[in-house]
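Peer 1: The structure that follows is given in the form of structure tokens.
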Amino acid sequence: MSFINRFALLGILSMIFNCRAVDQDQPPIHEGFIALTNGELVRTEVRYFSSENFVGEVIDGYEAPVVYLTLEAHAALQNVIAEAANQGLGIKVFDAYRPQQAVDHFVRWAEDLSDVRMKAQYYPAVQKQHLFRDGYVASRSGHSRGSTLDLTLFDLRTGNELDMGTAWDFFDLSSWGDSRAVSVQQRCNRGLLRRLMTRHGFSPIKEEWWHFTLENEPYPKTYFNFPVR
């Protein structure tokens, strides 16, 4: 074999090796999960992959602006999307599967009482030392089981989000689904979202108008920790 041919062969082998190395560093999505695809009817805004969240920095475990759901939750959500579209609405998802390492990041942040850089925007009426007591931060999250998501609705014609009275992840009693601190129209919008979700197998929680969990979730006792990438 000539020197040139040997050199070319080494180059090919090097490319193959490097491709395999990259593949090992970027494993496929965890079995049983699927990424939610953006489109005309679906938007995602992964704020935990940014500084625009109550911590004020990218959250551990979020390595890309991607939304993961279990296959079962994803299938149920397709029915929500279809019904919402019939009413001229789309869905906007802020978060779904959340790695346990992200939850651990929240806990460390909550324990650091000196870090209040996002207080005015996300928890103006709550003292940070009370976040655990009041249930805004916990060491476990249903999101880590993969069948819980945070979402809102938007108008397909204008692209504008429906007014829900508070922003997503706003730590306040006004974020409770039935809060009387918001207007009648805002309560109606929350009710519309709740009806769409519950008709297709998702259950709300009373404290957050945006939060829903698949009733028959496939991993009710498993808290996953693979990264979002």
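Every chain in the structure tokens takes a letter, A first, then B, and so on in the order presented; its residues are numbered from 1, and the ligands are numbered from 1 following the presented order.
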DSSP on the backbone: what in range 50-153 of chain A comes out alpha helix (DSSP H), as a short mmCIF file (atom, residue, chain, number, x, y, z; two decimals) with N, CA and C atoms, in the first residue's frame?
Peer 2:
```cif
data_model
loop_
_atom_site.label_atom_id
_atom_site.label_comp_id
_atom_site.auth_asym_id
_atom_site.auth_seq_id
_atom_site.Cartn_x
_atom_site.Cartn_y
_atom_site.Cartn_z
N LEU A 71 -44.20 8.82 26.20
CA LEU A 71 -44.99 8.52 25.00
C LEU A 71 -46.48 8.65 25.28
N GLU A 72 -46.89 8.21 26.47
CA GLU A 72 -48.31 8.24 26.81
C GLU A 72 -48.82 9.67 26.98
N ALA A 73 -48.05 10.51 27.65
CA ALA A 73 -48.46 11.90 27.82
C ALA A 73 -48.46 12.64 26.48
N HIS A 74 -47.48 12.33 25.66
CA HIS A 74 -47.40 12.95 24.34
C HIS A 74 -48.63 12.59 23.50
N ALA A 75 -49.04 11.32 23.55
CA ALA A 75 -50.20 10.87 22.78
C ALA A 75 -51.47 11.56 23.26
N ALA A 76 -51.63 11.67 24.57
CA ALA A 76 -52.82 12.35 25.11
C ALA A 76 -52.82 13.83 24.75
N LEU A 77 -51.64 14.43 24.73
CA LEU A 77 -51.54 15.85 24.41
C LEU A 77 -51.94 16.13 22.96
N GLN A 78 -51.74 15.16 22.08
CA GLN A 78 -52.15 15.36 20.68
C GLN A 78 -53.65 15.59 20.58
N ASN A 79 -54.41 14.94 21.44
CA ASN A 79 -55.86 15.15 21.45
C ASN A 79 -56.22 16.54 21.95
N VAL A 80 -55.46 17.03 22.93
CA VAL A 80 -55.65 18.40 23.40
C VAL A 80 -55.38 19.39 22.27
N ILE A 81 -54.28 19.16 21.58
CA ILE A 81 -53.88 20.05 20.48
C ILE A 81 -54.96 20.10 19.40
N ALA A 82 -55.50 18.93 19.06
CA ALA A 82 -56.53 18.87 18.01
C ALA A 82 -57.79 19.62 18.43
N GLU A 83 -58.23 19.43 19.67
CA GLU A 83 -59.44 20.12 20.11
C GLU A 83 -59.21 21.62 20.23
N ALA A 84 -58.04 22.00 20.73
CA ALA A 84 -57.74 23.43 20.83
C ALA A 84 -57.72 24.08 19.45
N ALA A 85 -57.15 23.39 18.47
CA ALA A 85 -57.09 23.93 17.10
C ALA A 85 -58.48 24.16 16.54
N ASN A 86 -59.41 23.27 16.87
CA ASN A 86 -60.79 23.44 16.41
C ASN A 86 -61.43 24.71 16.98
N GLN A 100 -34.05 15.31 37.65
CA GLN A 100 -33.90 15.47 39.10
C GLN A 100 -32.78 16.45 39.43
N GLN A 101 -31.74 16.49 38.61
CA GLN A 101 -30.65 17.43 38.86
C GLN A 101 -31.12 18.88 38.78
N ALA A 102 -32.14 19.14 37.97
CA ALA A 102 -32.72 20.48 37.91
C ALA A 102 -33.45 20.80 39.21
N VAL A 103 -34.19 19.83 39.72
CA VAL A 103 -34.89 20.01 41.00
C VAL A 103 -33.88 20.26 42.11
N ASP A 104 -32.77 19.53 42.09
CA ASP A 104 -31.72 19.73 43.09
C ASP A 104 -31.14 21.15 42.98
N HIS A 105 -31.03 21.66 41.76
CA HIS A 105 -30.57 23.03 41.53
C HIS A 105 -31.53 24.02 42.20
N PHE A 106 -32.83 23.79 42.02
CA PHE A 106 -33.83 24.66 42.66
C PHE A 106 -33.67 24.66 44.18
N VAL A 107 -33.44 23.48 44.74
CA VAL A 107 -33.31 23.36 46.19
C VAL A 107 -32.09 24.14 46.68
N ARG A 108 -30.95 23.99 46.00
CA ARG A 108 -29.75 24.74 46.41
C ARG A 108 -29.98 26.24 46.32
N TRP A 109 -30.67 26.66 45.24
CA TRP A 109 -30.97 28.08 45.08
C TRP A 109 -31.87 28.58 46.22
N ALA A 110 -32.88 27.81 46.56
CA ALA A 110 -33.82 28.23 47.60
C ALA A 110 -33.15 28.33 48.97
N GLU A 111 -32.12 27.53 49.17
CA GLU A 111 -31.40 27.56 50.45
C GLU A 111 -30.45 28.74 50.55
N LYS A 119 -36.49 38.14 42.46
CA LYS A 119 -37.63 38.24 43.37
C LYS A 119 -38.73 39.17 42.84
N ALA A 120 -38.37 40.33 42.36
CA ALA A 120 -39.37 41.31 41.91
C ALA A 120 -40.24 40.77 40.80
N GLN A 121 -39.67 39.91 39.96
CA GLN A 121 -40.41 39.42 38.81
C GLN A 121 -41.20 38.15 39.10
N TYR A 122 -40.68 37.28 39.97
CA TYR A 122 -41.28 35.96 40.11
C TYR A 122 -41.90 35.68 41.49
#
```
Peer 1: Excluding Arg98 in chain A and its own-chain neighbours fewer than 2 positions away, which residues fall within 12 Å of it when counting only C-alpha atoms? Please give them as a VMD selection string.
Peer 2: chain A and resid 46 48 to 49 59 to 63 66 to 70 94 to 96 100 to 106 140 to 150 223 to 229
Peer 1: With range 157-171 of chain A as the partner and 12 Å as the cut-off, tabulate the residues of range 38-129 of chain A that qualify, each row holding the nearest pair of atoms and their distance in Å to one decimal, using only C-alpha atoms, sorted by chain and rising number, as JSON lines.
Peer 2:
```
{"residue": "A:Glu40", "atom": "CA", "partner": "A:Gly159", "partner_atom": "CA", "distance": 9.8}
{"residue": "A:Leu41", "atom": "CA", "partner": "A:Gly159", "partner_atom": "CA", "distance": 10.1}
{"residue": "A:Val42", "atom": "CA", "partner": "A:Gly159", "partner_atom": "CA", "distance": 11.0}
{"residue": "A:Arg43", "atom": "CA", "partner": "A:Gly159", "partner_atom": "CA", "distance": 10.2}
{"residue": "A:Glu45", "atom": "CA", "partner": "A:Trp168", "partner_atom": "CA", "distance": 11.0}
{"residue": "A:Val46", "atom": "CA", "partner": "A:Trp168", "partner_atom": "CA", "distance": 11.6}
{"residue": "A:Arg47", "atom": "CA", "partner": "A:Trp168", "partner_atom": "CA", "distance": 10.2}
{"residue": "A:Tyr48", "atom": "CA", "partner": "A:Asp169", "partner_atom": "CA", "distance": 11.0}
{"residue": "A:Glu52", "atom": "CA", "partner": "A:Asp169", "partner_atom": "CA", "distance": 10.8}
{"residue": "A:Asn53", "atom": "CA", "partner": "A:Asp169", "partner_atom": "CA", "distance": 7.9}
{"residue": "A:Phe54", "atom": "CA", "partner": "A:Asp169", "partner_atom": "CA", "distance": 7.4}
{"residue": "A:Val55", "atom": "CA", "partner": "A:Asp169", "partner_atom": "CA", "distance": 10.8}
{"residue": "A:Ala85", "atom": "CA", "partner": "A:Arg157", "partner_atom": "CA", "distance": 10.7}
{"residue": "A:Gln87", "atom": "CA", "partner": "A:Arg157", "partner_atom": "CA", "distance": 10.9}
{"residue": "A:Gly88", "atom": "CA", "partner": "A:Arg157", "partner_atom": "CA", "distance": 7.2}
{"residue": "A:Leu89", "atom": "CA", "partner": "A:Arg157", "partner_atom": "CA", "distance": 8.2}
{"residue": "A:Gly90", "atom": "CA", "partner": "A:Gly159", "partner_atom": "CA", "distance": 8.6}
{"residue": "A:Ile91", "atom": "CA", "partner": "A:Glu161", "partner_atom": "CA", "distance": 8.9}
{"residue": "A:Lys92", "atom": "CA", "partner": "A:Glu161", "partner_atom": "CA", "distance": 8.2}
{"residue": "A:Val93", "atom": "CA", "partner": "A:Trp168", "partner_atom": "CA", "distance": 10.2}
{"residue": "A:Phe94", "atom": "CA", "partner": "A:Trp168", "partner_atom": "CA", "distance": 8.0}
{"residue": "A:Asp95", "atom": "CA", "partner": "A:Trp168", "partner_atom": "CA", "distance": 10.1}
{"residue": "A:Met118", "atom": "CA", "partner": "A:Phe170", "partner_atom": "CA", "distance": 10.8}
{"residue": "A:Lys119", "atom": "CA", "partner": "A:Phe171", "partner_atom": "CA", "distance": 9.5}
{"residue": "A:Ala120", "atom": "CA", "partner": "A:Phe170", "partner_atom": "CA", "distance": 10.3}
{"residue": "A:Gln121", "atom": "CA", "partner": "A:Phe170", "partner_atom": "CA", "distance": 7.9}
{"residue": "A:Tyr122", "atom": "CA", "partner": "A:Phe170", "partner_atom": "CA", "distance": 4.9}
{"residue": "A:Tyr123", "atom": "CA", "partner": "A:Phe171", "partner_atom": "CA", "distance": 4.9}
{"residue": "A:Pro124", "atom": "CA", "partner": "A:Phe171", "partner_atom": "CA", "distance": 8.0}
{"residue": "A:Ala125", "atom": "CA", "partner": "A:Phe171", "partner_atom": "CA", "distance": 8.1}
{"residue": "A:Val126", "atom": "CA", "partner": "A:Phe171", "partner_atom": "CA", "distance": 7.3}
{"residue": "A:Gln127", "atom": "CA", "partner": "A:Phe171", "partner_atom": "CA", "distance": 10.3}
{"residue": "A:Lys128", "atom": "CA", "partner": "A:Phe171", "partner_atom": "CA", "distance": 10.4}
```
Peer 1: Could you write out the selected residues, including N, CA and C atoms, as a compact mmCIF listing (two decimals), in the first residue's frame?
Peer 2:
```
# COMPACT_ATOMS: atom_id res chain seq x y z
N GLU A 40 -47.14 24.89 13.81
CA GLU A 40 -48.18 25.93 13.77
C GLU A 40 -49.07 25.88 15.00
N LEU A 41 -49.32 24.68 15.50
CA LEU A 41 -50.25 24.52 16.62
C LEU A 41 -49.56 24.40 17.97
N VAL A 42 -48.24 24.25 17.95
CA VAL A 42 -47.48 24.02 19.19
C VAL A 42 -46.26 24.93 19.22
N ARG A 43 -46.09 25.61 20.34
CA ARG A 43 -44.88 26.38 20.59
C ARG A 43 -44.23 25.88 21.87
N GLU A 45 -41.26 27.12 24.83
CA GLU A 45 -40.41 28.21 25.33
C GLU A 45 -39.73 27.69 26.60
N VAL A 46 -38.57 27.08 26.43
CA VAL A 46 -37.90 26.39 27.53
C VAL A 46 -37.07 27.40 28.31
N ARG A 47 -37.69 28.07 29.24
CA ARG A 47 -37.01 29.14 29.97
C ARG A 47 -35.95 28.62 30.93
N TYR A 48 -36.02 27.35 31.29
CA TYR A 48 -34.97 26.80 32.15
C TYR A 48 -33.66 26.61 31.39
N GLU A 52 -34.05 33.48 31.93
CA GLU A 52 -35.39 34.03 32.14
C GLU A 52 -36.24 33.04 32.93
N ASN A 53 -35.92 32.90 34.21
CA ASN A 53 -36.67 32.02 35.12
C ASN A 53 -36.44 32.51 36.54
N PHE A 54 -37.10 31.91 37.50
CA PHE A 54 -37.05 32.44 38.86
C PHE A 54 -35.67 32.32 39.52
N VAL A 55 -34.79 31.47 38.98
CA VAL A 55 -33.43 31.36 39.50
C VAL A 55 -32.54 32.43 38.86
N ALA A 85 -57.15 23.39 18.47
CA ALA A 85 -57.09 23.93 17.10
C ALA A 85 -58.48 24.16 16.54
N GLN A 87 -60.86 25.21 18.07
CA GLN A 87 -61.35 26.44 18.68
C GLN A 87 -60.47 27.64 18.33
N GLY A 88 -59.58 27.44 17.36
CA GLY A 88 -58.71 28.53 16.93
C GLY A 88 -57.56 28.81 17.87
N LEU A 89 -57.17 27.79 18.64
CA LEU A 89 -56.14 27.97 19.65
C LEU A 89 -54.98 27.01 19.46
N GLY A 90 -53.80 27.42 19.90
CA GLY A 90 -52.64 26.54 19.95
C GLY A 90 -52.18 26.44 21.39
N ILE A 91 -51.21 25.56 21.64
CA ILE A 91 -50.67 25.43 22.98
C ILE A 91 -49.22 25.90 22.99
N LYS A 92 -48.83 26.47 24.12
CA LYS A 92 -47.44 26.88 24.33
C LYS A 92 -46.95 26.19 25.60
N VAL A 93 -45.88 25.41 25.47
CA VAL A 93 -45.37 24.60 26.58
C VAL A 93 -44.08 25.22 27.11
N PHE A 94 -44.05 25.44 28.41
CA PHE A 94 -42.88 26.00 29.07
C PHE A 94 -41.96 24.92 29.62
N ASP A 95 -42.53 23.83 30.09
CA ASP A 95 -41.71 22.77 30.68
C ASP A 95 -42.53 21.49 30.72
N MET A 118 -34.16 37.60 41.17
CA MET A 118 -35.39 37.52 40.38
C MET A 118 -36.65 37.70 41.22
N LYS A 119 -36.49 38.14 42.46
CA LYS A 119 -37.63 38.24 43.37
C LYS A 119 -38.73 39.17 42.84
N ALA A 120 -38.37 40.33 42.36
CA ALA A 120 -39.37 41.31 41.91
C ALA A 120 -40.24 40.77 40.80
N GLN A 121 -39.67 39.91 39.96
CA GLN A 121 -40.41 39.42 38.81
C GLN A 121 -41.20 38.15 39.10
N TYR A 122 -40.68 37.28 39.97
CA TYR A 122 -41.28 35.96 40.11
C TYR A 122 -41.90 35.68 41.49
N TYR A 123 -41.45 36.35 42.55
CA TYR A 123 -42.04 36.08 43.87
C TYR A 123 -42.01 37.34 44.74
N PRO A 124 -42.60 38.43 44.25
CA PRO A 124 -42.51 39.71 44.96
C PRO A 124 -43.17 39.72 46.34
N ALA A 125 -44.19 38.90 46.54
CA ALA A 125 -44.92 38.93 47.81
C ALA A 125 -44.55 37.77 48.73
N VAL A 126 -43.56 36.98 48.35
CA VAL A 126 -43.17 35.80 49.14
C VAL A 126 -41.74 35.98 49.61
N GLN A 127 -41.51 35.76 50.91
CA GLN A 127 -40.15 35.79 51.43
C GLN A 127 -39.44 34.50 51.04
N LYS A 128 -38.20 34.63 50.60
CA LYS A 128 -37.51 33.46 50.08
C LYS A 128 -37.38 32.35 51.12
```
Peer 1: CA of Leu153 in chain A and CA of Lys206 in chain A are how many Å apart?
Peer 2: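 Between CA of Leu153 in chain A and CA of Lys206 in chain A the gap is 18.1 Å.
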